[in-house]
Amino acid sequence: MQIVVKGQGFDKKADVSFDKSGQINAFDKNDTINRVAKYLTAGEQPSYDEKVSAMFSQDEQAQLINKFASPNIRLAIGQAMASPLKTFLEYKGVMRKALAVDPLAPGAIPIYDRDTEEISAEAIASQSAITQTKIVGERIMVPVFEIASNPTIKLREVKIRRFNIIDRIQVRTRQFMQEAEDAMIINLLNAASTKVNSPTNVDTTTNGYIQRKDLVKLARQIEQHDLFAVSMFFSIYRYADIKQWGSTEVDLLTQKQIIDTGLVASLHGQNIYVTKKLPHNYVLCTSDPDYVGVMPVYQDIEVIPADLPWETSFGWAFTELIGASVFNPKGCSKLVITA
């Protein structure tokens, strides 16, 4: 495929699919069509003209032109390029970052053994007795539960939509199941965060937002137990507080991070995650997942056809079989905000 370039010429750094002379980088004819189709499906319109010359013969050119001249083909391409009007962001589950995910085989029992507690060791005099430390093992069995969904849609709705609504239903259902999973883990961490550690209370009446020293105090609740604070979880609303920080609140490393990426993704070595399932009035902090809790997974999200022919409807049963447990409350803490 010969590419005729307008203006100053094509910049190779902008798209590796083309070289500086305007030739497309492809292995064969099929690869050429796939690369051109990428721009059509993604809604990207290159600022250059495309002319078929060396890659296709005259008969092949005529066949392609006749094929795409068909109104039915153009209608199908238009429907494939159409997308629904979206009113909110796509959701991506993040709360699994707080727990150690453990895939289990069918029939495996979700039983875990706790590590031993501190063992006494000390220097003794020649005539002294050794202090005895009795070790008692503790075993935890994590309860398992199911998250499920059963969306259905009438055949009529499938036919009249301008986009592939079946694929969209499956994508959206997976997102809502991730929301339900995140809400469950948030409730679990919220309850465990005050079992050992005291909540860090912050009044934002004066400043209007949380400060860096507040997050340092939050991490200290975990670090006092000889653990490292690894992750912080914010709501979208509360994450805006960080955007109000001035140069006095941000260290040089974080300033470079903001310049390079435009956002704060980590602070003091702790990764920052944002989820809409977290309430606006508190922030959660966790240690390394291996020191916080475990999440046994028998079955990740699985889709089972569940059509309803008597209702002329398509249907699917989405299900996942998981469990969750926080075995070390020392590894999580909570920042409570009052305004």
# chains A, B, ... in the order shown; residues from 1 in each chain; ligands from 1

call {"tool": "select_by_dssp", "arguments": {"residues": "stretch 61-243 of chain A", "states": "alpha helix (DSSP H)", "output": "PyMOL selection string"}}
result
chain A and resi 61-68+71-81+155-160+165-192+212-223+236-243

call {"tool": "closest_atom_pairs", "arguments": {"of": "stretch 165-212 of chain A", "to": "stretch 325-330 of chain A", "cutoff": "12 Å", "atoms": "only C-alpha atoms", "output": "CSV"}}
result
residue,atom,partner,partner_atom,distance
A:Met184,CA,A:Ser325,CA,10.6
A:Ile185,CA,A:Ser325,CA,8.7
A:Ile186,CA,A:Val326,CA,11.1
A:Asn187,CA,A:Val326,CA,11.0
A:Leu188,CA,A:Val326,CA,7.3
A:Leu189,CA,A:Val326,CA,7.2
A:Asn190,CA,A:Pro329,CA,10.0
A:Ala191,CA,A:Pro329,CA,9.0
A:Ala192,CA,A:Pro329,CA,5.2
A:Ser193,CA,A:Pro329,CA,6.0
A:Thr194,CA,A:Pro329,CA,7.7
A:Lys195,CA,A:Pro329,CA,6.2
A:Val196,CA,A:Lys330,CA,6.0
A:Asn197,CA,A:Lys330,CA,6.5
A:Ser198,CA,A:Lys330,CA,10.2

call {"tool": "closest_residue", "arguments": {"among": "A:Glu122, A:Arg172, A:Ile242, A:Ile222", "to": "A:Val292", "atoms": "only C-alpha atoms"}}
result
A:Ile222

call {"tool": "residues_around", "arguments": {"residues": "A:Arg174", "least_positions_apart": "2", "cutoff": "12 Å", "atoms": "only C-alpha atoms", "output": "number ranges by chain"}}
result
A: 90-93, 147-151, 167-172, 176-181, 300-303, 316-320

call {"tool": "write_last_selection", "arguments": {"atoms": "N, CA and C atoms", "output": "tab-separated table (two decimals), in the first residue's frame"}}
result
chain	number	residue	atom	x	y	z
A	90	GLU	N	-15.61	3.74	33.10
A	90	GLU	CA	-15.54	2.30	33.25
A	90	GLU	C	-14.90	1.97	34.60
A	91	TYR	N	-15.36	0.91	35.23
A	91	TYR	CA	-14.85	0.58	36.56
A	91	TYR	C	-13.82	-0.53	36.46
A	92	LYS	N	-12.76	-0.37	37.24
A	92	LYS	CA	-11.71	-1.38	37.34
A	92	LYS	C	-11.48	-1.70	38.80
A	93	GLY	N	-11.65	-2.96	39.18
A	93	GLY	CA	-11.48	-3.37	40.57
A	93	GLY	C	-10.03	-3.19	41.03
A	147	ILE	N	-20.53	-14.45	44.16
A	147	ILE	CA	-21.05	-13.21	43.59
A	147	ILE	C	-21.60	-13.55	42.22
A	148	ALA	N	-22.85	-13.20	41.97
A	148	ALA	CA	-23.51	-13.64	40.74
A	148	ALA	C	-24.37	-12.53	40.16
A	149	SER	N	-24.65	-12.65	38.87
A	149	SER	CA	-25.51	-11.71	38.17
A	149	SER	C	-26.17	-12.44	37.01
A	150	ASN	N	-27.39	-12.03	36.66
A	150	ASN	CA	-28.14	-12.69	35.59
A	150	ASN	C	-28.79	-11.65	34.68
A	151	PRO	N	-28.02	-11.00	33.80
A	151	PRO	CA	-28.61	-10.03	32.88
A	151	PRO	C	-29.31	-10.73	31.71
A	167	ASP	N	-21.99	-7.64	23.60
A	167	ASP	CA	-20.65	-7.49	24.15
A	167	ASP	C	-20.63	-6.45	25.27
A	168	ARG	N	-21.40	-5.37	25.08
A	168	ARG	CA	-21.41	-4.32	26.09
A	168	ARG	C	-22.03	-4.80	27.40
A	169	ILE	N	-23.06	-5.64	27.32
A	169	ILE	CA	-23.68	-6.19	28.53
A	169	ILE	C	-22.66	-7.03	29.30
A	170	GLN	N	-21.90	-7.83	28.59
A	170	GLN	CA	-20.93	-8.69	29.27
A	170	GLN	C	-19.81	-7.88	29.92
A	171	VAL	N	-19.36	-6.81	29.23
A	171	VAL	CA	-18.34	-5.95	29.81
A	171	VAL	C	-18.85	-5.24	31.04
A	172	ARG	N	-20.06	-4.68	30.96
A	172	ARG	CA	-20.62	-3.93	32.07
A	172	ARG	C	-20.92	-4.84	33.26
A	176	PHE	N	-19.61	-4.43	37.18
A	176	PHE	CA	-20.46	-4.35	38.37
A	176	PHE	C	-20.13	-5.46	39.36
A	177	MET	N	-19.70	-6.61	38.88
A	177	MET	CA	-19.28	-7.67	39.79
A	177	MET	C	-17.98	-7.28	40.50
A	178	GLN	N	-17.10	-6.59	39.81
A	178	GLN	CA	-15.89	-6.10	40.45
A	178	GLN	C	-16.24	-5.04	41.51
A	179	GLU	N	-17.26	-4.23	41.23
A	179	GLU	CA	-17.70	-3.26	42.23
A	179	GLU	C	-18.21	-3.96	43.48
A	180	ALA	N	-19.00	-5.01	43.30
A	180	ALA	CA	-19.52	-5.75	44.46
A	180	ALA	C	-18.38	-6.40	45.24
A	181	GLU	N	-17.39	-6.91	44.53
A	181	GLU	CA	-16.24	-7.53	45.19
A	181	GLU	C	-15.45	-6.48	45.98
A	300	ASP	N	-12.79	-17.55	39.13
A	300	ASP	CA	-12.97	-16.16	38.76
A	300	ASP	C	-14.23	-16.03	37.92
A	301	ILE	N	-14.51	-14.83	37.46
A	301	ILE	CA	-15.78	-14.59	36.77
A	301	ILE	C	-15.95	-15.53	35.59
A	302	GLU	N	-17.03	-16.31	35.63
A	302	GLU	CA	-17.36	-17.28	34.58
A	302	GLU	C	-18.75	-16.96	34.03
A	303	VAL	N	-18.90	-17.13	32.72
A	303	VAL	CA	-20.17	-16.81	32.06
A	303	VAL	C	-20.82	-18.11	31.57
A	316	TRP	N	-27.54	-14.49	30.39
A	316	TRP	CA	-26.25	-15.04	30.84
A	316	TRP	C	-26.24	-15.10	32.36
A	317	ALA	N	-25.59	-16.11	32.89
A	317	ALA	CA	-25.38	-16.20	34.34
A	317	ALA	C	-23.90	-15.99	34.61
A	318	PHE	N	-23.59	-14.88	35.27
A	318	PHE	CA	-22.21	-14.56	35.65
A	318	PHE	C	-22.01	-14.98	37.10
A	319	THR	N	-20.91	-15.64	37.38
A	319	THR	CA	-20.68	-16.10	38.74
A	319	THR	C	-19.19	-16.17	39.04
A	320	GLU	N	-18.84	-15.91	40.28
A	320	GLU	CA	-17.48	-16.15	40.76
A	320	GLU	C	-17.57	-16.66	42.19

call {"tool": "closest_residue", "arguments": {"among": "A:Ser313, A:Thr338, A:Ser120, A:Ser333", "to": "A:Val158", "atoms": "only C-alpha atoms"}}
result
A:Ser313

call {"tool": "residues_around", "arguments": {"residues": "A:Val294", "least_positions_apart": "3", "cutoff": "8 Å", "atoms": "only C-alpha atoms", "output": "PDB file with N, CA and C atoms, in the first residue's frame"}}
result
ATOM      1  N   LEU A  99      -5.082  -7.712  49.400  1.00  0.00           N
ATOM      2  CA  LEU A  99      -5.050  -9.073  49.923  1.00  0.00           C
ATOM      3  C   LEU A  99      -4.196  -9.967  49.034  1.00  0.00           C
ATOM      4  N   ALA A 100      -3.712 -11.052  49.614  1.00  0.00           N
ATOM      5  CA  ALA A 100      -2.949 -12.044  48.856  1.00  0.00           C
ATOM      6  C   ALA A 100      -3.924 -12.992  48.165  1.00  0.00           C
ATOM      7  N   VAL A 101      -3.992 -12.932  46.848  1.00  0.00           N
ATOM      8  CA  VAL A 101      -4.926 -13.760  46.079  1.00  0.00           C
ATOM      9  C   VAL A 101      -4.354 -15.164  45.947  1.00  0.00           C
ATOM     10  N   ASP A 102      -5.176 -16.165  46.291  1.00  0.00           N
ATOM     11  CA  ASP A 102      -4.733 -17.559  46.284  1.00  0.00           C
ATOM     12  C   ASP A 102      -5.685 -18.397  45.432  1.00  0.00           C
ATOM     13  N   PRO A 289       0.303  -7.285  51.015  1.00  0.00           N
ATOM     14  CA  PRO A 289      -0.825  -8.244  51.088  1.00  0.00           C
ATOM     15  C   PRO A 289      -0.523  -9.507  51.876  1.00  0.00           C
ATOM     16  N   ASP A 290       0.717  -9.993  51.838  1.00  0.00           N
ATOM     17  CA  ASP A 290       1.075 -11.211  52.577  1.00  0.00           C
ATOM     18  C   ASP A 290       0.988 -11.025  54.080  1.00  0.00           C
ATOM     19  N   ALA A 324     -12.620 -14.204  51.468  1.00  0.00           N
ATOM     20  CA  ALA A 324     -11.744 -13.117  51.906  1.00  0.00           C
ATOM     21  C   ALA A 324     -11.638 -13.129  53.419  1.00  0.00           C
ATOM     22  N   SER A 325     -10.431 -12.856  53.909  1.00  0.00           N
ATOM     23  CA  SER A 325     -10.211 -12.814  55.350  1.00  0.00           C
ATOM     24  C   SER A 325      -9.004 -11.928  55.640  1.00  0.00           C
ATOM     25  N   VAL A 326      -9.118 -11.110  56.682  1.00  0.00           N
ATOM     26  CA  VAL A 326      -7.991 -10.316  57.183  1.00  0.00           C
ATOM     27  C   VAL A 326      -7.502 -11.002  58.452  1.00  0.00           C
ATOM     28  N   PHE A 327      -6.353 -11.652  58.368  1.00  0.00           N
ATOM     29  CA  PHE A 327      -5.839 -12.399  59.518  1.00  0.00           C
ATOM     30  C   PHE A 327      -4.902 -11.558  60.390  1.00  0.00           C
TER      31      PHE A 327
END

call {"tool": "closest_residue", "arguments": {"among": "A:Asn207, A:Gln61, A:Ser247, A:Thr116", "to": "A:Val136", "atoms": "only C-alpha atoms"}}
result
A:Thr116

call {"tool": "closest_residue", "arguments": {"among": "A:Ile109, A:Ile140, A:Ala183, A:Ile153", "to": "A:Thr275", "atoms": "only C-alpha atoms"}}
result
A:Ala183

call {"tool": "residues_around", "arguments": {"residues": "A:Ile337", "least_positions_apart": "2", "cutoff": "7 Å", "atoms": "only C-alpha atoms", "output": "ChimeraX atom specification"}}
result
/A:201-204,281-282,335,339

call {"tool": "select_by_dssp", "arguments": {"residues": "stretch 130-301 of chain A", "states": "strand (DSSP E or B)", "output": "ChimeraX atom specification"}}
result
/A:139-141,144-149,152-154,200-203,229-234,266-267,270-274,282-287,293-301

call {"tool": "atom_distance", "arguments": {"atom1": "atom CA of A:Ala219", "atom2": "atom CA of A:Asp288"}}
result
12.3 Å

call {"tool": "closest_residue", "arguments": {"among": "A:Cys332, A:Met295, A:Leu253, A:Ile236", "to": "A:Ile272", "atoms": "only C-alpha atoms"}}
result
A:Ile236

call {"tool": "closest_residue", "arguments": {"among": "A:Tyr273, A:Tyr291, A:Phe88, A:Tyr239", "to": "A:Leu227", "atoms": "only C-alpha atoms"}}
result
A:Tyr291

call {"tool": "decode", "arguments": {"residues": "stretch 240-253 of chain A", "atoms": "all heavy atoms", "output": "compact mmCIF listing (two decimals), in the first residue's frame"}}
result
# COMPACT_ATOMS: atom_id res chain seq x y z
N ALA A 240 -9.06 14.30 45.43
CA ALA A 240 -8.93 15.70 45.01
C ALA A 240 -8.19 16.54 46.06
O ALA A 240 -7.66 17.60 45.72
CB ALA A 240 -10.31 16.29 44.72
N ASP A 241 -8.17 16.08 47.31
CA ASP A 241 -7.42 16.82 48.34
C ASP A 241 -5.94 16.91 48.00
O ASP A 241 -5.29 17.92 48.24
CB ASP A 241 -7.60 16.15 49.70
CG ASP A 241 -9.00 16.35 50.27
OD1 ASP A 241 -9.84 16.90 49.54
OD2 ASP A 241 -9.22 15.97 51.43
N ILE A 242 -5.41 15.83 47.43
CA ILE A 242 -3.98 15.81 47.09
C ILE A 242 -3.69 16.83 45.99
O ILE A 242 -2.60 17.42 45.95
CB ILE A 242 -3.57 14.39 46.66
CG1 ILE A 242 -3.76 13.41 47.83
CG2 ILE A 242 -2.12 14.36 46.18
CD1 ILE A 242 -3.39 11.99 47.50
N LYS A 243 -4.65 17.06 45.12
CA LYS A 243 -4.44 18.03 44.03
C LYS A 243 -4.29 19.46 44.55
O LYS A 243 -3.77 20.32 43.84
CB LYS A 243 -5.61 17.97 43.05
CG LYS A 243 -5.81 16.61 42.38
CD LYS A 243 -7.02 16.63 41.47
CE LYS A 243 -7.27 15.27 40.85
NZ LYS A 243 -8.48 15.27 39.99
N GLN A 244 -4.74 19.70 45.77
CA GLN A 244 -4.65 21.05 46.34
C GLN A 244 -3.35 21.30 47.09
O GLN A 244 -3.13 22.40 47.57
CB GLN A 244 -5.84 21.29 47.28
CG GLN A 244 -7.20 21.12 46.62
CD GLN A 244 -8.33 21.42 47.58
OE1 GLN A 244 -8.44 22.51 48.11
NE2 GLN A 244 -9.19 20.44 47.79
N TRP A 245 -2.50 20.30 47.17
CA TRP A 245 -1.25 20.47 47.88
C TRP A 245 -0.34 21.45 47.14
O TRP A 245 -0.22 21.40 45.90
CB TRP A 245 -0.53 19.14 48.02
CG TRP A 245 -1.17 18.22 49.01
CD1 TRP A 245 -2.27 18.48 49.78
CD2 TRP A 245 -0.76 16.89 49.34
NE1 TRP A 245 -2.58 17.41 50.56
CE2 TRP A 245 -1.66 16.40 50.32
CE3 TRP A 245 0.26 16.07 48.92
CZ2 TRP A 245 -1.54 15.14 50.86
CZ3 TRP A 245 0.37 14.81 49.45
CH2 TRP A 245 -0.53 14.35 50.42
N GLY A 246 0.31 22.31 47.89
CA GLY A 246 1.29 23.22 47.32
C GLY A 246 2.70 22.63 47.38
O GLY A 246 2.90 21.47 47.75
N SER A 247 3.68 23.45 47.04
CA SER A 247 5.07 22.97 47.00
C SER A 247 5.58 22.58 48.39
O SER A 247 6.47 21.75 48.52
CB SER A 247 5.97 24.04 46.39
OG SER A 247 5.87 25.26 47.13
N THR A 248 4.99 23.16 49.44
CA THR A 248 5.43 22.84 50.79
C THR A 248 4.97 21.45 51.22
O THR A 248 5.53 20.85 52.14
CB THR A 248 4.90 23.87 51.79
OG1 THR A 248 3.46 23.93 51.70
CG2 THR A 248 5.46 25.25 51.48
N GLU A 249 3.94 20.92 50.58
CA GLU A 249 3.40 19.60 50.93
C GLU A 249 4.02 18.47 50.10
O GLU A 249 3.91 17.31 50.45
CB GLU A 249 1.88 19.58 50.73
CG GLU A 249 1.12 20.49 51.67
CD GLU A 249 0.98 19.89 53.06
OE1 GLU A 249 1.33 18.72 53.24
OE2 GLU A 249 0.55 20.62 53.97
N VAL A 250 4.65 18.83 48.99
CA VAL A 250 5.13 17.82 48.04
C VAL A 250 6.65 17.82 48.03
O VAL A 250 7.28 18.87 47.85
CB VAL A 250 4.58 18.10 46.63
CG1 VAL A 250 5.07 17.03 45.66
CG2 VAL A 250 3.05 18.14 46.65
N ASP A 251 7.26 16.65 48.21
CA ASP A 251 8.71 16.56 48.17
C ASP A 251 9.20 16.58 46.72
O ASP A 251 8.40 16.54 45.77
CB ASP A 251 9.18 15.27 48.86
CG ASP A 251 8.55 14.04 48.25
OD1 ASP A 251 9.05 13.57 47.22
OD2 ASP A 251 7.51 13.57 48.80
N LEU A 252 10.52 16.63 46.52
CA LEU A 252 11.08 16.76 45.18
C LEU A 252 10.74 15.57 44.29
O LEU A 252 10.46 15.72 43.10
CB LEU A 252 12.60 16.94 45.28
CG LEU A 252 13.08 18.24 45.94
CD1 LEU A 252 14.60 18.24 46.04
CD2 LEU A 252 12.60 19.45 45.15
N LEU A 253 10.78 14.37 44.86
CA LEU A 253 10.48 13.17 44.07
C LEU A 253 9.03 13.19 43.59
O LEU A 253 8.74 12.86 42.43
CB LEU A 253 10.76 11.92 44.89
CG LEU A 253 10.58 10.58 44.16
CD1 LEU A 253 11.53 10.49 42.99
CD2 LEU A 253 10.81 9.41 45.11
